[in-house]
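Chemist: Hey, dropping start_37.cif in here, mmCIF, C-alpha atoms:
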```
data_target
#
loop_
_atom_site.label_atom_id
_atom_site.label_comp_id
_atom_site.auth_asym_id
_atom_site.auth_seq_id
_atom_site.Cartn_x
_atom_site.Cartn_y
_atom_site.Cartn_z
CA MET N 1137 111.98 108.28 102.69
CA ALA N 1138 112.06 104.75 104.08
CA GLU N 1139 109.29 105.65 106.54
CA ASN N 1140 107.14 107.09 103.75
CA ASN N 1141 107.68 103.98 101.63
CA GLY N 1142 106.70 101.81 104.59
CA GLN N 1143 103.49 103.77 105.16
CA LEU N 1144 102.64 103.68 101.45
CA GLY N 1145 103.30 99.94 101.41
CA ALA N 1146 100.97 99.40 104.38
CA VAL N 1147 98.20 101.38 102.69
CA SER N 1148 98.68 99.46 99.44
CA LYS N 1149 98.64 96.10 101.23
CA ASN N 1150 95.43 97.06 103.01
CA LEU N 1151 93.81 98.01 99.69
CA ILE N 1152 94.93 94.80 97.99
CA ARG N 1153 93.85 92.61 100.92
CA SER N 1154 90.40 94.16 101.15
CA GLY N 1155 90.04 93.99 97.37
CA VAL N 1156 90.90 90.29 97.27
CA ILE N 1157 88.48 89.47 100.10
CA THR N 1158 85.74 91.49 98.41
CA VAL N 1159 86.23 89.72 95.07
CA LEU N 1160 86.16 86.31 96.75
CA LEU N 1161 82.93 87.13 98.59
CA LEU N 1162 81.33 88.39 95.38
CA ILE N 1163 82.40 85.26 93.50
CA ILE N 1164 80.77 83.14 96.20
CA PHE N 1165 77.58 85.21 96.01
CA LEU N 1166 77.41 85.03 92.21
CA GLY N 1167 78.37 81.36 92.17
CA LEU N 1168 75.60 80.43 94.59
CA ALA N 1169 73.06 82.39 92.54
CA PHE N 1170 74.03 80.70 89.26
CA LEU N 1171 74.17 77.27 90.94
CA ALA N 1172 70.72 77.64 92.50
CA ASP N 1173 69.29 78.81 89.19
CA ALA N 1174 70.85 75.91 87.25
CA LEU N 1175 69.97 73.16 89.71
CA PHE N 1176 66.52 74.15 90.91
CA LYS N 1177 65.03 76.62 88.41
CA PRO N 1178 63.16 78.08 91.38
CA VAL N 1179 59.84 79.89 91.05
CA PHE N 1180 59.06 82.56 93.63
CA SER N 1181 55.90 84.27 94.75
CA GLY N 1182 54.43 85.87 97.84
CA GLU N 1183 56.55 85.62 100.97
CA SER N 1184 59.34 83.60 99.32
CA LEU N 1185 59.78 86.37 96.73
CA LEU N 1186 60.02 89.00 99.45
CA TRP N 1187 62.69 87.03 101.30
CA LEU N 1188 64.59 86.44 98.05
CA GLY N 1189 64.44 90.12 97.21
CA PHE N 1190 65.68 91.08 100.65
CA GLY N 1191 68.54 88.57 100.73
CA MET N 1192 69.82 89.17 97.20
CA SER N 1193 69.59 92.94 97.59
CA VAL N 1194 71.39 93.11 100.93
CA CYS N 1195 74.24 90.66 100.20
CA PRO N 1196 76.12 92.61 97.49
CA ALA N 1197 75.53 95.88 99.34
CA LEU N 1198 77.12 94.52 102.52
CA ILE N 1199 80.07 93.10 100.57
CA TRP N 1200 80.80 96.43 98.92
CA LEU N 1201 80.24 98.24 102.22
CA PHE N 1202 82.92 96.00 103.72
CA PHE N 1203 85.33 97.02 100.95
CA PHE N 1204 84.90 100.76 101.44
CA TYR N 1205 84.67 100.58 105.23
CA ILE N 1206 87.90 98.65 105.67
CA GLN N 1207 89.81 101.31 103.70
CA ASP N 1208 89.47 103.62 106.72
CA ARG N 1209 91.96 101.58 108.70
CA ARG N 1210 93.46 104.41 110.77
CA GLU N 1211 90.29 105.59 112.51
CA PRO N 1212 87.39 103.39 111.34
CA GLU N 1213 83.98 104.98 111.76
CA PRO N 1214 81.57 103.61 114.39
CA LYS N 1215 79.78 100.69 112.74
CA GLY N 1216 76.44 101.81 114.17
CA MET N 1217 76.71 105.22 112.51
CA VAL N 1218 77.67 103.68 109.16
CA ILE N 1219 74.67 101.33 109.35
CA GLU N 1220 72.41 104.28 110.24
CA VAL N 1221 73.50 106.16 107.12
CA PHE N 1222 73.05 102.95 105.10
CA ILE N 1223 69.47 102.64 106.35
CA LEU N 1224 68.84 106.35 105.74
CA GLY N 1225 69.99 105.95 102.14
CA GLY N 1226 67.47 103.15 101.70
CA LEU N 1227 64.69 105.16 103.30
CA VAL N 1228 65.15 108.18 101.05
CA ALA N 1229 65.12 105.86 98.03
CA ALA N 1230 61.88 104.18 99.10
CA ALA N 1231 60.10 107.29 100.39
CA VAL N 1232 61.26 109.89 97.86
CA GLY N 1233 63.53 108.64 95.09
CA ILE N 1234 61.49 105.85 93.51
CA PRO N 1235 58.07 107.56 93.88
CA LEU N 1236 59.53 110.81 92.50
CA LEU N 1237 60.84 109.19 89.33
CA ASN N 1238 57.91 106.81 88.78
CA ASN N 1239 54.91 108.85 89.88
CA VAL N 1240 55.92 112.49 89.50
CA PHE N 1241 58.25 112.51 86.49
CA LYS N 1242 56.62 109.37 84.97
CA LEU N 1243 59.88 108.58 83.21
CA SER N 1244 58.69 105.40 81.50
CA SER N 1245 56.26 107.43 79.37
CA TRP N 1246 58.83 109.73 77.75
CA MET N 1247 62.42 108.96 78.77
CA TYR N 1248 63.12 106.62 75.84
CA ASP N 1249 61.62 108.72 73.05
CA SER N 1250 65.06 109.47 71.58
CA PRO N 1251 68.75 109.10 72.50
CA GLY N 1252 68.98 112.81 73.34
CA VAL N 1253 65.94 112.74 75.59
CA ASN N 1254 67.25 109.55 77.19
CA LEU N 1255 70.59 111.15 78.09
CA PHE N 1256 68.89 114.36 79.25
CA ALA N 1257 66.57 112.44 81.57
CA ALA N 1258 69.34 110.12 82.79
CA ILE N 1259 71.52 113.02 83.92
CA LEU N 1260 69.19 115.87 84.86
CA VAL N 1261 66.31 113.84 86.28
CA VAL N 1262 67.55 110.42 87.41
CA GLY N 1263 71.16 111.36 88.10
CA PHE N 1264 70.49 114.57 90.02
CA SER N 1265 67.55 113.08 91.94
CA GLN N 1266 69.49 110.03 93.09
CA GLU N 1267 72.73 111.83 93.86
CA PHE N 1268 71.05 114.69 95.70
CA LEU N 1269 69.13 112.28 97.93
CA LYS N 1270 72.29 110.31 98.76
CA PHE N 1271 74.14 113.56 99.36
CA ALA N 1272 71.34 114.80 101.63
CA ALA N 1273 71.40 111.55 103.62
CA VAL N 1274 74.97 112.44 104.67
CA ARG N 1275 74.93 116.25 104.64
CA PHE N 1276 71.90 116.59 106.89
CA SER N 1277 72.69 113.76 109.29
CA ILE N 1278 76.27 112.76 110.06
CA PHE N 1279 78.12 115.70 108.48
CA LYS N 1280 78.37 117.82 111.65
CA SER N 1281 79.28 114.90 113.90
CA ARG N 1282 82.68 114.87 115.62
CA GLU N 1283 83.17 111.40 114.14
CA PHE N 1284 83.31 112.99 110.69
CA ASP N 1285 86.91 114.17 111.03
CA GLU N 1286 88.73 112.94 107.90
CA LEU N 1287 88.32 113.27 104.17
CA THR N 1288 87.98 109.48 104.01
CA ASP N 1289 84.94 109.67 106.31
CA GLY N 1290 83.00 111.55 103.65
CA ILE N 1291 83.60 108.76 101.15
CA VAL N 1292 82.78 106.01 103.67
CA TYR N 1293 79.49 107.58 104.80
CA ALA N 1294 78.44 108.56 101.27
CA THR N 1295 79.11 105.08 99.90
CA ALA N 1296 77.08 103.68 102.80
CA ALA N 1297 74.17 105.94 101.78
CA GLY N 1298 74.66 104.89 98.16
CA LEU N 1299 74.57 101.21 99.09
CA GLY N 1300 71.40 101.72 101.09
CA TYR N 1301 69.88 103.42 98.06
CA ALA N 1302 71.05 100.58 95.80
CA THR N 1303 69.56 97.97 98.12
CA VAL N 1304 66.08 99.43 97.69
CA LEU N 1305 66.54 99.72 93.90
CA ASN N 1306 67.67 96.10 93.76
CA PHE N 1307 64.79 94.94 95.95
CA GLU N 1308 62.34 96.64 93.62
CA PHE N 1309 64.01 94.96 90.62
CA ILE N 1310 63.82 91.47 92.16
CA ILE N 1311 60.16 91.90 93.10
CA SER N 1312 59.17 93.30 89.69
CA SER N 1313 61.03 90.50 87.85
CA GLY N 1314 59.58 87.77 90.05
CA GLY N 1315 63.07 86.51 90.91
CA ALA N 1316 63.69 85.28 87.37
CA GLY N 1317 67.21 84.40 86.23
CA LEU N 1318 69.03 84.41 89.57
CA GLY N 1319 72.51 84.32 88.05
CA MET N 1320 72.14 87.27 85.70
CA ALA N 1321 70.08 89.07 88.32
CA ALA N 1322 72.91 88.66 90.84
CA ILE N 1323 75.35 90.26 88.39
CA ARG N 1324 72.99 93.19 87.88
CA LEU N 1325 72.48 93.62 91.62
CA THR N 1326 76.22 93.53 92.30
CA LEU N 1327 76.95 96.12 89.62
CA THR N 1328 74.09 98.39 90.68
CA ALA N 1329 75.38 98.35 94.26
CA LEU N 1330 78.92 99.16 93.11
CA ALA N 1331 77.71 101.94 90.79
CA GLN N 1332 75.43 103.64 93.33
CA ALA N 1333 78.15 103.46 96.00
CA SER N 1334 80.84 104.81 93.66
CA PHE N 1335 78.76 107.74 92.41
CA ALA N 1336 77.81 108.64 95.98
CA GLY N 1337 81.49 108.38 96.87
CA ILE N 1338 82.19 111.24 94.47
CA THR N 1339 79.99 113.60 96.48
CA GLY N 1340 81.44 112.02 99.63
CA TYR N 1341 84.90 113.17 98.56
CA PHE N 1342 83.59 116.70 98.02
CA LEU N 1343 81.83 116.58 101.41
CA GLY N 1344 85.04 115.45 103.09
CA LYS N 1345 87.04 118.28 101.53
CA GLU N 1346 84.34 120.75 102.57
CA LYS N 1347 84.46 119.50 106.17
CA MET N 1348 88.25 119.44 106.45
CA GLU N 1349 89.10 122.52 104.38
CA LYS N 1350 86.62 125.33 103.79
CA GLN N 1351 85.79 125.36 100.07
CA PRO N 1352 84.18 127.92 97.71
CA ALA N 1353 80.39 128.20 97.62
CA TRP N 1354 80.20 126.24 94.36
CA TRP N 1355 82.24 123.29 95.65
CA LEU N 1356 79.46 120.96 96.84
CA ALA N 1357 77.29 121.81 93.83
CA ALA N 1358 80.19 120.85 91.56
CA GLY N 1359 80.57 117.51 93.34
CA LEU N 1360 76.86 116.80 93.08
CA GLY N 1361 76.85 117.76 89.40
CA LEU N 1362 79.84 115.53 88.62
CA ALA N 1363 78.23 112.56 90.38
CA ALA N 1364 74.95 113.12 88.52
CA ILE N 1365 76.70 113.32 85.14
CA VAL N 1366 78.67 110.11 85.72
CA ASN N 1367 75.50 108.42 86.99
CA GLY N 1368 73.49 109.44 83.92
CA ILE N 1369 76.17 108.51 81.39
CA PHE N 1370 76.74 105.16 83.11
CA TYR N 1371 73.12 104.04 83.00
CA THR N 1372 72.52 105.44 79.51
CA LEU N 1373 75.43 103.49 78.05
CA TRP N 1374 74.58 100.35 80.01
CA GLY N 1375 70.97 100.46 78.90
CA ASN N 1376 71.62 101.33 75.25
CA LEU N 1377 74.33 98.73 74.73
CA SER N 1378 72.24 96.03 76.40
CA THR N 1379 69.06 96.74 74.41
CA ALA N 1380 67.77 94.36 71.77
CA THR N 1381 68.40 95.33 68.16
CA LEU N 1382 66.49 94.02 65.13
CA VAL N 1383 68.42 92.21 62.40
CA GLY N 1384 65.94 91.10 59.75
CA GLU N 1385 63.19 89.34 61.64
CA ASN N 1386 65.38 88.44 64.61
CA ALA N 1387 65.98 90.38 67.81
CA LEU N 1388 69.52 90.24 69.07
CA VAL N 1389 70.30 90.99 72.69
CA ASN N 1390 73.84 91.69 73.80
CA PRO N 1391 73.67 92.20 77.57
CA TRP N 1392 77.36 91.39 77.96
CA LEU N 1393 78.57 94.40 75.97
CA GLY N 1394 76.62 96.80 78.17
CA LEU N 1395 77.65 94.89 81.25
CA ILE N 1396 81.35 95.01 80.39
CA LEU N 1397 81.27 98.75 79.73
CA ALA N 1398 79.32 99.34 82.92
CA VAL N 1399 81.83 97.32 84.92
CA VAL N 1400 84.74 99.30 83.45
CA ILE N 1401 83.16 102.66 84.29
CA ALA N 1402 82.21 101.59 87.80
CA LEU N 1403 85.66 100.16 88.50
CA VAL N 1404 87.38 103.32 87.24
CA VAL N 1405 85.27 105.42 89.62
CA MET N 1406 85.87 102.98 92.49
CA GLY N 1407 89.60 102.89 91.76
CA THR N 1408 89.76 106.69 91.79
CA LEU N 1409 87.98 106.79 95.15
CA SER N 1410 90.33 104.13 96.52
CA PHE N 1411 93.28 106.28 95.40
CA PHE N 1412 91.92 109.29 97.28
CA ILE N 1413 91.26 107.15 100.35
CA SER N 1414 94.79 105.72 100.25
CA ARG N 1415 96.32 109.17 99.83
CA ASP N 1416 94.29 110.54 102.72
CA GLN N 1417 95.25 107.62 104.94
CA LEU N 1418 98.92 108.18 104.13
CA GLN N 1419 98.62 111.87 105.05
CA VAL N 1420 96.89 110.94 108.31
CA SER N 1421 99.74 108.53 109.11
CA LYS N 1422 102.30 111.27 108.49
CA ARG N 1423 100.46 113.76 110.72
CA LYS N 1424 100.24 111.25 113.53
CA GLY N 1425 103.74 109.95 113.15
CA GLY N 1426 102.70 106.59 111.64
#
```
Using the file provided, produce a representation of the structure as structure tokens.
Modeler:
Amino acid sequence: MAENNGQLGAVSKNLIRSGVITVLLLIIFLGLAFLADALFKPVFSGESLLWLGFGMSVCPALIWLFFFYIQDRREPEPKGMVIEVFILGGLVAAAVGIPLLNNVFKLSSWMYDSPGVNLFAAILVVGFSQEFLKFAAVRFSIFKSREFDELTDGIVYATAAGLGYATVLNFEFIISSGGAGLGMAAIRLTLTALAQASFAGITGYFLGKEKMEKQPAWWLAAGLGLAAIVNGIFYTLWGNLSTATLVGENALVNPWLGLILAVVIALVVMGTLSFFISRDQLQVSKRKGG
């Protein structure tokens, strides 16, 4: 019993330590963005906008990647392989994901016709497209590797793919907005990175279980479906609660309400994944005698 408590305590301390470091790094990132916006009111174009988009998109992704990567403290995955999956996630977003939604489905022309259509499109089109591509980035690359030998590995690699995907989404947002409002943009980028990583982590958990313990034929489809549903609900609620509403002749915008709800949902998903990681790490410690 004492040994189990000691192992559980070590896992908990690792989670708390990595969480504190992650929060501090994010505070620094957000603080610098708000400070630069307040002091300089910068205007970006051309090459400076590209560099801004790259830097602001990569920073939150790397911070969140650090958080999930450090959870795998027993047998951390090769950094090179994690970075490869991260890059692959970005590539599938740029080459398939964004063109598919913008040019094939043409979502902007019909997605917001009604709340029902919005939710339908968010789950069955956006959610399934994004989650399948992130799933594929892991399933058809690193899944059969000998390095993929723990349930936790599925979550780590999937979140890496999700963060790569989020980086490209965030880059597109910065470029399309012209770098306006660095502080609020930094919050959006940070949350998008967390959300995309967390939803991918759901399928990562299902992939890990499939690799470690043979599952029924429907198992991976169920994981993909769950991730897509959470993805669609998340962005629907965030968008609807942040949208301007007309009161008389005035338009009221409440971005904070949508932001708060989005943060809560993302943190619940991330907390659940962290629980599964901690439990898996504890089981690994028991099998290997601590």
Chemist: Check which residues satisfy the PyMOL selection byres ((chain N and resi 1402) around 12) in the file shown, then give them as a PyMOL selection string.
Modeler: chain N and resi 1326-1338+1363+1366-1367+1369-1371+1374+1395-1401+1403-1409
Chemist: To one decimal place in Å, what is the distance between CA of Ser1193 in chain N and CA of Val1159 in chain N?
Modeler: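 According to the coordinates, CA of Ser1193 in chain N and CA of Val1159 in chain N are separated by 17.1 Å.
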Chemist: The PyMOL selection byres ((chain N and resi 1300) around 12) on the file shown: which residues, as a PDB file with C-alpha atoms, in the coordinates of the input?
Modeler:
```pdb
ATOM      1  CA  SER N1193      69.590  92.940  97.590  1.00  0.00           C
ATOM      2  CA  VAL N1194      71.390  93.110 100.930  1.00  0.00           C
ATOM      3  CA  CYS N1195      74.240  90.660 100.200  1.00  0.00           C
ATOM      4  CA  PRO N1196      76.120  92.610  97.490  1.00  0.00           C
ATOM      5  CA  ALA N1197      75.530  95.880  99.340  1.00  0.00           C
ATOM      6  CA  LEU N1198      77.120  94.520 102.520  1.00  0.00           C
ATOM      7  CA  TRP N1200      80.800  96.430  98.920  1.00  0.00           C
ATOM      8  CA  LEU N1201      80.240  98.240 102.220  1.00  0.00           C
ATOM      9  CA  VAL N1218      77.670 103.680 109.160  1.00  0.00           C
ATOM     10  CA  ILE N1219      74.670 101.330 109.350  1.00  0.00           C
ATOM     11  CA  GLU N1220      72.410 104.280 110.240  1.00  0.00           C
ATOM     12  CA  VAL N1221      73.500 106.160 107.120  1.00  0.00           C
ATOM     13  CA  PHE N1222      73.050 102.950 105.100  1.00  0.00           C
ATOM     14  CA  ILE N1223      69.470 102.640 106.350  1.00  0.00           C
ATOM     15  CA  LEU N1224      68.840 106.350 105.740  1.00  0.00           C
ATOM     16  CA  GLY N1225      69.990 105.950 102.140  1.00  0.00           C
ATOM     17  CA  GLY N1226      67.470 103.150 101.700  1.00  0.00           C
ATOM     18  CA  LEU N1227      64.690 105.160 103.300  1.00  0.00           C
ATOM     19  CA  VAL N1228      65.150 108.180 101.050  1.00  0.00           C
ATOM     20  CA  ALA N1229      65.120 105.860  98.030  1.00  0.00           C
ATOM     21  CA  ALA N1230      61.880 104.180  99.100  1.00  0.00           C
ATOM     22  CA  GLN N1266      69.490 110.030  93.090  1.00  0.00           C
ATOM     23  CA  LEU N1269      69.130 112.280  97.930  1.00  0.00           C
ATOM     24  CA  LYS N1270      72.290 110.310  98.760  1.00  0.00           C
ATOM     25  CA  ALA N1273      71.400 111.550 103.620  1.00  0.00           C
ATOM     26  CA  VAL N1274      74.970 112.440 104.670  1.00  0.00           C
ATOM     27  CA  TYR N1293      79.490 107.580 104.800  1.00  0.00           C
ATOM     28  CA  ALA N1294      78.440 108.560 101.270  1.00  0.00           C
ATOM     29  CA  THR N1295      79.110 105.080  99.900  1.00  0.00           C
ATOM     30  CA  ALA N1296      77.080 103.680 102.800  1.00  0.00           C
ATOM     31  CA  ALA N1297      74.170 105.940 101.780  1.00  0.00           C
ATOM     32  CA  GLY N1298      74.660 104.890  98.160  1.00  0.00           C
ATOM     33  CA  LEU N1299      74.570 101.210  99.090  1.00  0.00           C
ATOM     34  CA  TYR N1301      69.880 103.420  98.060  1.00  0.00           C
ATOM     35  CA  ALA N1302      71.050 100.580  95.800  1.00  0.00           C
ATOM     36  CA  THR N1303      69.560  97.970  98.120  1.00  0.00           C
ATOM     37  CA  VAL N1304      66.080  99.430  97.690  1.00  0.00           C
ATOM     38  CA  LEU N1305      66.540  99.720  93.900  1.00  0.00           C
ATOM     39  CA  ASN N1306      67.670  96.100  93.760  1.00  0.00           C
ATOM     40  CA  PHE N1307      64.790  94.940  95.950  1.00  0.00           C
ATOM     41  CA  THR N1328      74.090  98.390  90.680  1.00  0.00           C
ATOM     42  CA  ALA N1329      75.380  98.350  94.260  1.00  0.00           C
ATOM     43  CA  LEU N1330      78.920  99.160  93.110  1.00  0.00           C
ATOM     44  CA  GLN N1332      75.430 103.640  93.330  1.00  0.00           C
ATOM     45  CA  ALA N1333      78.150 103.460  96.000  1.00  0.00           C
ATOM     46  CA  ALA N1336      77.810 108.640  95.980  1.00  0.00           C
TER      47      ALA N1336
END
```
Chemist: One number please: CA of Gly1340 in chain N to CA of Gln1417 in chain N, in Å, one decimal.
Modeler: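 Those two atoms sit 15.4 Å apart.
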Chemist: Please list as a VMD selection string every residue within 10 Å of Ala1321 in chain N, counting all atoms listed in the file and excluding residues in the same chain fewer than 3 positions away.
Modeler: chain N and resid 1166 1169 to 1170 1192 1306 1309 to 1310 1313 1315 to 1318 1324 to 1327
Chemist: Enumerate, as an NGL selection string, the residues matched when the PyMOL selection byres ((chain N and resi 1259-1264) around 12) is run on the file above.
Modeler: :N and (1229 or 1233-1238 or 1240-1244 or 1247 or 1252-1258 or 1265-1272 or 1331-1332 or 1335-1336 or 1339 or 1357-1373)
Chemist: Step by step: start from the point (85.3, 95.3, 104.4) in the file's coordinates, keep every protein, DNA or RNA residue that has an atom no farther than 12 Å from it, count only C-alpha atoms, and write the set as a PyMOL selection string.
Modeler: chain N and resi 1150-1161+1196-1209+1212+1215+1292+1296
Chemist: Of the candidates N:Gly1344, N:Gly1167, N:Pro1251, N:Gly1314, which shows the shortest atom-to-atom distance to Arg1275 in chain N, using only C-alpha atoms?
Modeler: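 Closest to Arg1275 in chain N, using only C-alpha atoms: N:Gly1344.
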Chemist: Using Å and a single decimal, report how far CA of Ser1414 in chain N sits from CA of Phe1284 in chain N.
Modeler: 17.1 Å
Chemist: Rank N:Asp1249, N:Glu1346, N:Glu1286, N:Asp1173 by their smallest atom-to-atom distance to Gly1319 in chain N, using only C-alpha atoms, and report the top residue only.
Modeler: N:Asp1173
Chemist: Using the structure block above, produce a file of range 1209-1239 of chain N that contains N, CA and C atoms, as a PDB file, in the first residue's frame.
Modeler:
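Written out: out_6.pdb:
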```pdb
ATOM      1  N   ARG N1209       6.571  10.231 -18.383  1.00  0.00           N
ATOM      2  CA  ARG N1209       7.857  10.335 -17.699  1.00  0.00           C
ATOM      3  C   ARG N1209       8.593   9.006 -17.606  1.00  0.00           C
ATOM      4  N   ARG N1210       7.874   7.879 -17.708  1.00  0.00           N
ATOM      5  CA  ARG N1210       8.517   6.582 -17.539  1.00  0.00           C
ATOM      6  C   ARG N1210       9.366   6.217 -18.751  1.00  0.00           C
ATOM      7  N   GLU N1211       8.780   6.308 -19.921  1.00  0.00           N
ATOM      8  CA  GLU N1211       9.495   6.013 -21.164  1.00  0.00           C
ATOM      9  C   GLU N1211       9.137   7.077 -22.195  1.00  0.00           C
ATOM     10  N   PRO N1212       9.688   8.283 -22.064  1.00  0.00           N
ATOM     11  CA  PRO N1212       9.331   9.364 -22.997  1.00  0.00           C
ATOM     12  C   PRO N1212       9.648   8.992 -24.434  1.00  0.00           C
ATOM     13  N   GLU N1213       8.770   9.385 -25.337  1.00  0.00           N
ATOM     14  CA  GLU N1213       8.936   9.060 -26.743  1.00  0.00           C
ATOM     15  C   GLU N1213      10.100   9.849 -27.348  1.00  0.00           C
ATOM     16  N   PRO N1214      10.755   9.282 -28.371  1.00  0.00           N
ATOM     17  CA  PRO N1214      11.836  10.018 -29.040  1.00  0.00           C
ATOM     18  C   PRO N1214      11.339  11.369 -29.533  1.00  0.00           C
ATOM     19  N   LYS N1215      12.044  12.427 -29.163  1.00  0.00           N
ATOM     20  CA  LYS N1215      11.580  13.773 -29.522  1.00  0.00           C
ATOM     21  C   LYS N1215      11.437  13.931 -31.032  1.00  0.00           C
ATOM     22  N   GLY N1216      12.358  13.317 -31.781  1.00  0.00           N
ATOM     23  CA  GLY N1216      12.300  13.438 -33.236  1.00  0.00           C
ATOM     24  C   GLY N1216      11.017  12.873 -33.808  1.00  0.00           C
ATOM     25  N   MET N1217      10.561  11.748 -33.250  1.00  0.00           N
ATOM     26  CA  MET N1217       9.332  11.125 -33.754  1.00  0.00           C
ATOM     27  C   MET N1217       8.110  11.955 -33.392  1.00  0.00           C
ATOM     28  N   VAL N1218       8.122  12.565 -32.194  1.00  0.00           N
ATOM     29  CA  VAL N1218       7.011  13.428 -31.792  1.00  0.00           C
ATOM     30  C   VAL N1218       6.939  14.644 -32.712  1.00  0.00           C
ATOM     31  N   ILE N1219       8.095  15.237 -33.018  1.00  0.00           N
ATOM     32  CA  ILE N1219       8.134  16.397 -33.914  1.00  0.00           C
ATOM     33  C   ILE N1219       7.667  16.003 -35.316  1.00  0.00           C
ATOM     34  N   GLU N1220       8.042  14.806 -35.770  1.00  0.00           N
ATOM     35  CA  GLU N1220       7.597  14.345 -37.093  1.00  0.00           C
ATOM     36  C   GLU N1220       6.076  14.254 -37.162  1.00  0.00           C
ATOM     37  N   VAL N1221       5.453  13.722 -36.123  1.00  0.00           N
ATOM     38  CA  VAL N1221       3.992  13.625 -36.103  1.00  0.00           C
ATOM     39  C   VAL N1221       3.377  15.021 -36.017  1.00  0.00           C
ATOM     40  N   PHE N1222       4.011  15.910 -35.263  1.00  0.00           N
ATOM     41  CA  PHE N1222       3.563  17.307 -35.182  1.00  0.00           C
ATOM     42  C   PHE N1222       3.553  17.943 -36.575  1.00  0.00           C
ATOM     43  N   ILE N1223       4.638  17.765 -37.302  1.00  0.00           N
ATOM     44  CA  ILE N1223       4.740  18.329 -38.656  1.00  0.00           C
ATOM     45  C   ILE N1223       3.718  17.680 -39.582  1.00  0.00           C
ATOM     46  N   LEU N1224       3.528  16.375 -39.446  1.00  0.00           N
ATOM     47  CA  LEU N1224       2.560  15.664 -40.282  1.00  0.00           C
ATOM     48  C   LEU N1224       1.145  16.189 -40.031  1.00  0.00           C
ATOM     49  N   GLY N1225       0.833  16.467 -38.766  1.00  0.00           N
ATOM     50  CA  GLY N1225      -0.474  17.036 -38.453  1.00  0.00           C
ATOM     51  C   GLY N1225      -0.684  18.376 -39.140  1.00  0.00           C
ATOM     52  N   GLY N1226       0.377  19.195 -39.164  1.00  0.00           N
ATOM     53  CA  GLY N1226       0.292  20.472 -39.866  1.00  0.00           C
ATOM     54  C   GLY N1226       0.151  20.306 -41.362  1.00  0.00           C
ATOM     55  N   LEU N1227       0.845  19.341 -41.917  1.00  0.00           N
ATOM     56  CA  LEU N1227       0.791  19.116 -43.366  1.00  0.00           C
ATOM     57  C   LEU N1227      -0.591  18.666 -43.819  1.00  0.00           C
ATOM     58  N   VAL N1228      -1.222  17.760 -43.060  1.00  0.00           N
ATOM     59  CA  VAL N1228      -2.546  17.302 -43.476  1.00  0.00           C
ATOM     60  C   VAL N1228      -3.570  18.424 -43.344  1.00  0.00           C
ATOM     61  N   ALA N1229      -3.356  19.333 -42.381  1.00  0.00           N
ATOM     62  CA  ALA N1229      -4.249  20.485 -42.259  1.00  0.00           C
ATOM     63  C   ALA N1229      -4.122  21.398 -43.467  1.00  0.00           C
ATOM     64  N   ALA N1230      -2.872  21.690 -43.854  1.00  0.00           N
ATOM     65  CA  ALA N1230      -2.635  22.616 -44.963  1.00  0.00           C
ATOM     66  C   ALA N1230      -2.994  22.009 -46.312  1.00  0.00           C
ATOM     67  N   ALA N1231      -2.678  20.721 -46.499  1.00  0.00           N
ATOM     68  CA  ALA N1231      -2.869  20.102 -47.812  1.00  0.00           C
ATOM     69  C   ALA N1231      -4.280  19.575 -48.027  1.00  0.00           C
ATOM     70  N   VAL N1232      -4.943  19.151 -46.936  1.00  0.00           N
ATOM     71  CA  VAL N1232      -6.254  18.512 -47.085  1.00  0.00           C
ATOM     72  C   VAL N1232      -7.339  19.218 -46.267  1.00  0.00           C
ATOM     73  N   GLY N1233      -7.099  19.390 -44.992  1.00  0.00           N
ATOM     74  CA  GLY N1233      -8.143  19.868 -44.095  1.00  0.00           C
ATOM     75  C   GLY N1233      -8.735  21.210 -44.474  1.00  0.00           C
ATOM     76  N   ILE N1234      -7.901  22.242 -44.562  1.00  0.00           N
ATOM     77  CA  ILE N1234      -8.394  23.586 -44.864  1.00  0.00           C
ATOM     78  C   ILE N1234      -8.968  23.675 -46.275  1.00  0.00           C
ATOM     79  N   PRO N1235      -8.280  23.164 -47.311  1.00  0.00           N
ATOM     80  CA  PRO N1235      -8.891  23.195 -48.655  1.00  0.00           C
ATOM     81  C   PRO N1235     -10.203  22.419 -48.741  1.00  0.00           C
ATOM     82  N   LEU N1236     -10.293  21.301 -48.027  1.00  0.00           N
ATOM     83  CA  LEU N1236     -11.512  20.494 -48.056  1.00  0.00           C
ATOM     84  C   LEU N1236     -12.704  21.281 -47.527  1.00  0.00           C
ATOM     85  N   LEU N1237     -12.524  21.939 -46.385  1.00  0.00           N
ATOM     86  CA  LEU N1237     -13.633  22.667 -45.778  1.00  0.00           C
ATOM     87  C   LEU N1237     -13.962  23.954 -46.534  1.00  0.00           C
ATOM     88  N   ASN N1238     -12.933  24.645 -47.024  1.00  0.00           N
ATOM     89  CA  ASN N1238     -13.159  25.934 -47.683  1.00  0.00           C
ATOM     90  C   ASN N1238     -13.571  25.802 -49.147  1.00  0.00           C
ATOM     91  N   ASN N1239     -12.935  24.888 -49.863  1.00  0.00           N
ATOM     92  CA  ASN N1239     -13.126  24.826 -51.314  1.00  0.00           C
ATOM     93  C   ASN N1239     -14.074  23.734 -51.787  1.00  0.00           C
TER      94      ASN N1239
END
```
